[in-house]
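Beneath this line is the structure, given in structure tokens, with notes to follow.
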Amino acid sequence: MFDFNSNLTPDNKEIYEMLPYLSSVNVCAGLYTGKATDILKFAEYATKNEIAIGVLVNLKNTNNDEEIKSDVIYQISAVEGFLTTFGLKIENVRLEGESYNKFNSDKDFAIKVANAIKHVNPWFNIILNNAEIKTLLEKELSAKCALEADFTDKTSIRELREKENVPETLHFENLDNLKRAYDVLKPTPITYNRVAKGL
């Protein structure tokens, strides 16, 4: 079973065509990318459709521990407060752009960010693509992590199932690849509504 995931960003022009095939979506907090109207439009969709919601955090301008913690808390809390007015809950947190790359390559940075995420809610799933850092965060911080893999033109479900570290969530950048995967397998969220239930 895999979660099918994508990002709600201004660059993803196909996102609303992709939504019926996705089991989770990461929403921009609006600090560096995205707008409040984007969150509103998605929230209205999510109230009528069962889909897990994540926050897309961007830390491109952070320079020290205090800024990392404050930016993470600010961005998650902004989306969380917005969604609460619709009776919706955040399940996942994923970093964006260069922040995502750094999180998956710099252990010290990953620990600082994960600690900040846990400060907001220790039940959030932290999405990442580095199995070694996933193990580190789970062992040292008892963080809830989900291993991600990009689903590209050359990717197959069979190939992913045979990996040494099988991913829990597949990330899609376009509708064609998403439909191709959906024809083979229907997605399942990582742990839908775990945050709300405190499980």
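Here's how to read the names in the structure tokens: chain A, B, ... by the order shown, residue numbers from 1 in each chain, ligand numbers from 1 in the order shown.
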
I'd like to know which residues of range 57-190 of chain A are strand (DSSP E) (by DSSP, run on the backbone); could you write them as a PDB file with N, CA and C atoms, in the first residue's frame?
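Generated file (part_12.pdb):
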```pdb
ATOM      1  N   VAL A  57       6.647  23.261   4.330  1.00  0.00           N
ATOM      2  CA  VAL A  57       7.425  24.253   5.064  1.00  0.00           C
ATOM      3  C   VAL A  57       8.660  24.652   4.269  1.00  0.00           C
ATOM      4  N   ASN A  92       0.526  15.613   8.002  1.00  0.00           N
ATOM      5  CA  ASN A  92       1.909  15.483   7.540  1.00  0.00           C
ATOM      6  C   ASN A  92       2.624  16.827   7.462  1.00  0.00           C
ATOM      7  N   VAL A  93       3.951  16.762   7.531  1.00  0.00           N
ATOM      8  CA  VAL A  93       4.786  17.943   7.292  1.00  0.00           C
ATOM      9  C   VAL A  93       5.900  17.535   6.331  1.00  0.00           C
ATOM     10  N   ARG A  94       6.092  18.343   5.293  1.00  0.00           N
ATOM     11  CA  ARG A  94       7.136  18.096   4.299  1.00  0.00           C
ATOM     12  C   ARG A  94       7.832  19.407   4.014  1.00  0.00           C
ATOM     13  N   LEU A  95       9.133  19.374   3.849  1.00  0.00           N
ATOM     14  CA  LEU A  95       9.849  20.591   3.500  1.00  0.00           C
ATOM     15  C   LEU A  95       9.802  20.829   2.000  1.00  0.00           C
ATOM     16  N   ASN A 125       3.318  13.257  10.828  1.00  0.00           N
ATOM     17  CA  ASN A 125       4.225  12.459  10.002  1.00  0.00           C
ATOM     18  C   ASN A 125       5.190  13.407   9.297  1.00  0.00           C
ATOM     19  N   ILE A 126       6.479  13.162   9.440  1.00  0.00           N
ATOM     20  CA  ILE A 126       7.491  13.961   8.746  1.00  0.00           C
ATOM     21  C   ILE A 126       7.890  13.198   7.486  1.00  0.00           C
ATOM     22  N   ILE A 127       7.664  13.802   6.333  1.00  0.00           N
ATOM     23  CA  ILE A 127       7.935  13.128   5.065  1.00  0.00           C
ATOM     24  C   ILE A 127       9.352  13.452   4.600  1.00  0.00           C
ATOM     25  N   LEU A 128      10.109  12.399   4.253  1.00  0.00           N
ATOM     26  CA  LEU A 128      11.497  12.570   3.796  1.00  0.00           C
ATOM     27  C   LEU A 128      11.874  11.416   2.890  1.00  0.00           C
ATOM     28  N   LYS A 144       7.756  10.670  14.180  1.00  0.00           N
ATOM     29  CA  LYS A 144       6.934   9.888  13.264  1.00  0.00           C
ATOM     30  C   LYS A 144       7.345  10.270  11.848  1.00  0.00           C
ATOM     31  N   CYS A 145       7.947   9.338  11.117  1.00  0.00           N
ATOM     32  CA  CYS A 145       8.475   9.652   9.790  1.00  0.00           C
ATOM     33  C   CYS A 145       7.873   8.732   8.728  1.00  0.00           C
ATOM     34  N   ALA A 146       7.808   9.226   7.502  1.00  0.00           N
ATOM     35  CA  ALA A 146       7.325   8.440   6.371  1.00  0.00           C
ATOM     36  C   ALA A 146       8.310   8.580   5.220  1.00  0.00           C
ATOM     37  N   LEU A 147       8.801   7.456   4.728  1.00  0.00           N
ATOM     38  CA  LEU A 147       9.773   7.472   3.632  1.00  0.00           C
ATOM     39  C   LEU A 147       9.058   7.720   2.307  1.00  0.00           C
ATOM     40  N   GLU A 148       9.605   8.642   1.542  1.00  0.00           N
ATOM     41  CA  GLU A 148       8.995   9.064   0.275  1.00  0.00           C
ATOM     42  C   GLU A 148       9.888   8.682  -0.903  1.00  0.00           C
ATOM     43  N   ALA A 149       9.255   8.429  -2.044  1.00  0.00           N
ATOM     44  CA  ALA A 149       9.978   8.232  -3.301  1.00  0.00           C
ATOM     45  C   ALA A 149       9.266   9.019  -4.388  1.00  0.00           C
ATOM     46  N   ASP A 150      10.031   9.611  -5.286  1.00  0.00           N
ATOM     47  CA  ASP A 150       9.447  10.325  -6.424  1.00  0.00           C
ATOM     48  C   ASP A 150       8.968   9.312  -7.458  1.00  0.00           C
ATOM     49  N   THR A 169       5.137   6.607   0.979  1.00  0.00           N
ATOM     50  CA  THR A 169       4.409   7.612   0.203  1.00  0.00           C
ATOM     51  C   THR A 169       5.135   7.876  -1.111  1.00  0.00           C
ATOM     52  N   LEU A 170       4.364   8.053  -2.178  1.00  0.00           N
ATOM     53  CA  LEU A 170       4.913   8.345  -3.499  1.00  0.00           C
ATOM     54  C   LEU A 170       4.560   9.779  -3.864  1.00  0.00           C
ATOM     55  N   HIS A 171       5.557  10.518  -4.324  1.00  0.00           N
ATOM     56  CA  HIS A 171       5.362  11.926  -4.632  1.00  0.00           C
ATOM     57  C   HIS A 171       5.242  12.117  -6.142  1.00  0.00           C
TER      58      HIS A 171
END
```

Do you know which residues are at most 8 Å from Asn12 in chain A counting only C-alpha atoms, after dropping those on the same chain fewer than 4 positions away, and could you put them as a PyMOL selection string? chain A and resi 7-8+173-174

Can you pull out the residues contacting range 41-51 of chain A? Cut-off 8 Å, using only C-alpha atoms, and skip same-chain residues under 5 positions away; I want them as a PyMOL selection string. chain A and resi 22-25+83+86-88+189+192

Would you write out those residues with N, CA and C atoms, as a CSV table (one decimal), in the first residue's frame?
```csv
chain,number,residue,atom,x,y,z
A,22,LEU,N,-5.2,11.5,-5.6
A,22,LEU,CA,-4.3,11.6,-4.5
A,22,LEU,C,-4.9,11.2,-3.2
A,23,SER,N,-4.1,10.7,-2.2
A,23,SER,CA,-4.6,10.4,-0.9
A,23,SER,C,-4.1,11.5,0.1
A,24,SER,N,-3.1,12.3,-0.3
A,24,SER,CA,-2.6,13.4,0.6
A,24,SER,C,-2.0,14.5,-0.2
A,25,VAL,N,-2.1,15.7,0.3
A,25,VAL,CA,-1.6,16.9,-0.3
A,25,VAL,C,-0.9,17.8,0.7
A,83,LEU,N,-7.1,25.8,8.8
A,83,LEU,CA,-7.8,24.6,8.5
A,83,LEU,C,-8.8,24.2,9.7
A,86,PHE,N,-12.4,25.0,9.4
A,86,PHE,CA,-13.2,24.1,8.5
A,86,PHE,C,-13.3,22.7,9.2
A,87,GLY,N,-12.8,22.6,10.4
A,87,GLY,CA,-12.9,21.3,11.0
A,87,GLY,C,-11.9,20.3,10.5
A,88,LEU,N,-10.8,20.7,9.9
A,88,LEU,CA,-9.8,19.9,9.3
A,88,LEU,C,-8.5,19.8,10.2
A,189,PRO,N,-3.7,6.8,2.5
A,189,PRO,CA,-2.9,7.7,3.3
A,189,PRO,C,-2.1,7.0,4.3
A,192,TYR,N,-4.2,8.1,8.1
A,192,TYR,CA,-5.2,9.2,8.0
A,192,TYR,C,-5.9,9.4,9.4
```

Nearby residues (only C-alpha atoms) at most 12 Å from Gln75 in chain A, same-chain spacing under 6 positions excluded, as a PyMOL selection string: chain A and resi 27-34+54-59+67-69+81-82+93-96+116-117+120

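In this comparison, which uses only C-alpha atoms, the residue of A:Lys107, A:Lys112, A:Lys118, A:Lys154 approaching Lys134 in chain A most closely is A:Lys107.
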
Tell me, as an NGL selection string, which residues lie within 12 Å of Tyr21 in chain A, counting only C-alpha atoms; anything in the same chain fewer than 3 positions away does not count. :A and (3-6 or 14-18 or 24-25 or 49-51 or 172 or 174-189)

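Distances to Lys60 in chain A were evaluated for A:Lys13, A:Lys102, A:His119, A:Lys89 using only C-alpha atoms, and the minimum falls at A:Lys102.
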
Using only C-alpha atoms, which residues sit within 12 Å of Asp65 in chain A once same-chain residues fewer than 4 positions away are excluded, as a ChimeraX atom specification? /A:59,61,69-72,108-116

Among the residues of range 16-185 of chain A, find those DSSP assigns to helix (DSSP H, G or I) from the backbone and print them as an MDAnalysis selection string. chainID A and resid 16:21 36:46 65:84 97:103 107:120 131:141 157:161 175:184

Point out the residue among A:Met1, A:Ala52, A:Ser99, A:Asn104 with the least atom-to-atom distance to Leu137 in chain A, counting only C-alpha atoms. A:Asn104

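Coordinates place CA of Ala143 in chain A at a distance of 14.5 Å from CA of Ile190 in chain A.
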